[in-house]
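Shown next: upload06.txt, given as compact mmCIF, C-alpha atoms and all ligand atoms.
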```txt
# COMPACT_ATOMS: atom_id res chain seq x y z
CA MET A 1016 0.00 0.00 0.00
CA LEU A 1017 1.24 3.45 -0.83
CA ALA A 1018 -0.36 6.15 1.22
CA THR A 1019 -0.34 9.68 -0.09
CA LYS A 1020 -0.60 12.70 2.14
CA LYS A 1021 -0.06 15.18 -0.66
CA LYS A 1022 -2.65 17.42 -2.13
CA VAL A 1023 -4.02 15.18 -4.83
CA LEU A 1024 -4.40 16.27 -8.41
CA ALA A 1025 -5.99 13.42 -10.32
CA MET A 1026 -4.07 12.25 -13.36
CA ASN A 1027 -5.78 11.80 -16.68
CA GLN A 1028 -6.58 8.07 -16.73
CA ASP A 1029 -5.55 7.51 -20.37
CA LYS A 1030 -2.24 9.25 -19.77
CA ALA A 1031 -1.70 7.21 -16.61
CA LYS A 1032 -2.45 3.92 -18.40
CA GLU A 1033 -0.11 4.91 -21.23
CA LEU A 1034 2.71 5.56 -18.76
CA VAL A 1035 2.12 2.27 -16.93
CA GLU A 1036 1.75 0.12 -20.04
CA SER A 1037 4.78 1.58 -21.79
CA ASN A 1038 7.07 1.22 -18.74
CA PHE A 1039 5.90 -1.64 -16.56
CA PRO A 1040 7.06 -4.61 -18.70
CA VAL A 1041 10.65 -3.33 -18.69
CA LEU A 1042 10.50 -2.36 -15.01
CA ALA A 1043 9.31 -5.90 -14.17
CA MET A 1044 12.26 -7.32 -16.15
CA ALA A 1045 14.70 -4.99 -14.38
CA MET A 1046 13.34 -6.14 -11.01
CA GLY A 1047 13.62 -9.84 -11.88
CA LEU A 1048 9.85 -10.24 -11.95
CA ASP A 1049 9.72 -11.52 -15.52
CA ASN A 1050 8.42 -14.97 -14.48
CA TRP A 1051 5.47 -13.43 -12.69
CA LYS A 1052 2.03 -12.90 -14.20
CA ILE A 1053 1.27 -9.38 -13.08
CA THR A 1054 -2.05 -7.71 -13.72
CA ILE A 1055 -2.44 -3.96 -13.39
CA GLN A 1056 -5.89 -2.72 -12.48
CA TYR A 1057 -7.11 0.84 -12.33
CA ASP A 1058 -9.49 1.11 -9.41
CA ARG A 1059 -10.85 3.67 -6.98
CA LEU A 1060 -9.15 2.98 -3.63
CA ASP A 1061 -9.71 4.36 -0.15
CA ASN A 1062 -8.72 7.98 0.29
CA GLY A 1063 -5.02 8.11 1.08
CA THR A 1064 -4.29 4.83 -0.74
CA ALA A 1065 -2.65 5.46 -4.10
CA GLY A 1066 -1.85 1.83 -4.83
CA LEU A 1067 -2.23 -1.72 -3.55
CA CYS A 1068 -0.55 -5.00 -4.33
CA SER A 1069 -1.89 -8.49 -3.73
CA VAL A 1070 0.10 -11.64 -4.40
CA SER A 1071 -0.36 -15.37 -4.91
CA PRO A 1072 3.26 -16.51 -4.55
CA GLN A 1073 2.35 -20.18 -5.14
CA TYR A 1074 1.24 -19.29 -8.67
CA MET A 1075 3.60 -16.34 -9.14
CA ARG A 1076 0.67 -14.05 -9.78
CA ALA A 1077 0.24 -10.52 -8.54
CA THR A 1078 -2.24 -7.73 -9.00
CA ILE A 1079 -1.26 -4.10 -8.65
CA GLN A 1080 -4.17 -1.73 -8.21
CA ILE A 1081 -3.62 1.92 -9.01
CA ASP A 1082 -5.99 4.76 -8.27
CA THR A 1083 -5.23 7.30 -10.99
CA GLU A 1084 -7.26 9.90 -9.11
CA GLN A 1085 -4.73 9.75 -6.28
CA GLN A 1086 -1.63 10.31 -8.42
CA GLU A 1087 -0.36 13.86 -8.48
CA ASP A 1088 1.60 13.59 -11.72
CA GLU A 1089 3.68 11.18 -13.82
CA ALA A 1090 6.52 11.05 -11.28
CA ASP A 1091 4.05 10.25 -8.52
CA LEU A 1092 2.49 7.46 -10.62
CA ALA A 1093 5.96 6.06 -11.41
CA ASP A 1094 6.77 6.03 -7.67
CA THR A 1095 3.49 4.23 -6.93
CA LEU A 1096 4.25 1.61 -9.59
CA LEU A 1097 7.78 1.08 -8.27
CA HIS A 1098 6.58 0.94 -4.65
CA GLU A 1099 3.88 -1.65 -5.41
CA SER A 1100 6.33 -3.68 -7.51
CA PHE A 1101 8.69 -3.93 -4.53
CA HIS A 1102 5.84 -5.54 -2.60
CA ILE A 1103 5.83 -8.41 -5.14
CA LEU A 1104 9.42 -9.11 -4.09
CA GLN A 1105 8.07 -9.68 -0.55
CA ALA A 1106 5.51 -12.21 -1.74
CA GLU A 1107 7.02 -15.14 0.16
CA GLN A 1108 6.03 -13.37 3.39
CA LYS A 1109 2.45 -14.28 2.51
CA ILE A 1110 3.31 -18.01 2.52
CA TYR A 1111 4.82 -17.56 5.97
CA MET A 1112 1.81 -15.63 7.28
CA ASP A 1113 -0.65 -18.14 5.80
CA ALA A 1114 1.27 -20.90 7.64
CA VAL A 1115 1.25 -18.89 10.87
CA ASP A 1116 -2.51 -18.32 10.47
CA GLU A 1117 -3.00 -22.09 10.25
CA VAL A 1118 -1.35 -22.74 13.63
CA ILE A 1119 -2.69 -19.73 15.53
CA GLY A 1120 -6.26 -20.07 16.63
CA ASN A 1121 -6.57 -16.72 18.34
CA GLU A 1122 -8.04 -14.06 15.99
CA ASP A 1123 -6.52 -11.17 17.98
CA ALA A 1124 -3.08 -12.75 17.76
CA LYS A 1125 -3.52 -13.30 13.99
CA LYS A 1126 -4.53 -9.65 13.58
CA ALA A 1127 -1.58 -8.41 15.64
CA LEU A 1128 0.91 -10.54 13.67
CA ASP A 1129 -0.58 -9.39 10.39
CA GLN A 1130 -0.24 -5.75 11.48
CA LEU A 1131 3.43 -6.40 12.32
CA ARG A 1132 4.02 -8.02 8.91
CA ILE A 1133 2.33 -5.11 7.09
CA PHE A 1134 4.38 -2.62 9.13
CA GLY A 1135 7.62 -4.46 8.30
CA ASP A 1136 6.69 -4.73 4.60
CA GLU A 1137 5.90 -1.03 4.37
CA ARG A 1138 9.07 0.02 6.21
CA LEU A 1139 11.23 -2.03 3.86
CA VAL A 1140 9.59 -0.60 0.73
CA VAL A 1141 9.62 2.97 2.05
CA ASN A 1142 13.31 2.62 2.95
CA LEU A 1143 14.13 1.22 -0.50
CA MET A 1144 12.28 4.11 -2.14
CA THR A 1145 14.17 6.60 0.07
CA MET A 1146 17.49 5.01 -0.86
CA LEU A 1147 16.68 5.13 -4.58
CA LYS A 1148 15.60 8.77 -4.33
CA ARG A 1149 18.79 9.69 -2.45
CA ILE A 1150 20.99 8.11 -5.09
CA GLY A 1151 18.97 9.70 -7.88
CA LEU A 1152 17.19 6.66 -9.25
CA ASP A 1153 13.53 6.80 -10.17
CA MET A 1154 11.57 4.33 -12.30
CA LYS A 1155 12.67 5.92 -15.58
CA GLN A 1156 16.34 5.87 -14.52
CA ILE A 1157 16.06 2.21 -13.46
CA ILE A 1158 14.53 1.34 -16.84
CA ARG A 1159 17.20 3.35 -18.70
CA LEU A 1160 20.03 1.62 -16.78
CA TYR A 1161 18.46 -1.81 -17.28
CA LYS A 1162 18.16 -1.24 -21.04
CA LYS A 1163 21.77 -0.06 -21.16
CA GLN A 1164 22.97 -3.15 -19.23
CA SER A 1165 20.89 -5.48 -21.42
CA ALA A 1166 22.36 -3.94 -24.56
CA LEU A 1167 25.90 -4.42 -23.20
CA LYS A 1168 25.27 -8.13 -22.60
CA GLN A 1169 24.27 -8.79 -26.22
ZN ZN B 1 3.31 -0.23 0.42
```

Can the structure in the file be given as structure tokens, please?
Amino acid sequence: MLATKKKVLAMNQDKAKELVESNFPVLAMAMGLDNWKITIQYDRLDNGTAGLCSVSPQYMRATIQIDTEQQEDEADLADTLLHESFHILQAEQKIYMDAVDEVIGNEDAKKALDQLRIFGDERLVVNLMTMLKRIGLDMKQIIRLYKKQSALKQ
């Protein structure tokens, strides 16, 4: 989940889809997600939620939901896409939590553990995004570097 606190200026949905569809396949390759079946959906999400990611690690399937009305501009949308893509890399956590859910009967304990997992997942992704920003890498730069590396290998 990517929460936005900014003043929100909705992006034009066609423009947003164009940006996602023209960049996401290469971003997924750059992130090593090329064996995943990833669906991008454009949905209205709760206020303050710009994107969501759900995963089925057993089947290597993921769905990224993007609320184009909660993206400020292209850079914001690119950050949302990158942020949600990082969550796919944490997919195995879901297998662990599903196993924990099986052995814990107490609903309050399940809820508390799930909150801890979500907190840990978000902190990791937020820290990765901060690191990338500090070293000057955004989605477009990652894609550009990946294409350059791929060309060098051929
Ligand atoms: Zn998140």

How would you write, as an MDAnalysis selection string, the set of residues no farther than 8 Å from ligand ZN 1 (chain B) when counting only C-alpha atoms and all ligand atoms? chainID A and resid 1016:1018 1066:1068 1098:1099 1102 1136:1137 1140:1141

Quick one: of A:Gln1105, A:Pro1040, A:Ala1114, A:Lys1162, who's nearest to Ile1133 of chain A, counting only C-alpha atoms?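 Smallest separation from Ile1133 of chain A among the options: A:Gln1105.
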
Taking (16.6, -6.0, -14.3) in the file's own coordinates, collect the residues within 7 Å, counting all atoms listed in the file, and hand them back as a PyMOL selection string. chain A and resi 1044-1047+1161

In Å, rounded to a single decimal, give me how far atom CA of Arg1059 of chain A is from atom CA of Asp1113 of chain A.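 According to the coordinates, atom CA of Asp1113 of chain A and atom CA of Arg1059 of chain A are separated by 27.3 Å.
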
All residues 7 Å or closer to Met1154 of chain A, all atoms listed in the file, same chain fewer than 6 positions away omitted, as a list in words: Ala1093, Asp1094 and Leu1097 of chain A

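Proximity ranking of A:Thr1083, A:Gln1130, A:Ser1100, A:Ala1065 relative to Val1041 of chain A places A:Ser1100 first, based on only C-alpha atoms.
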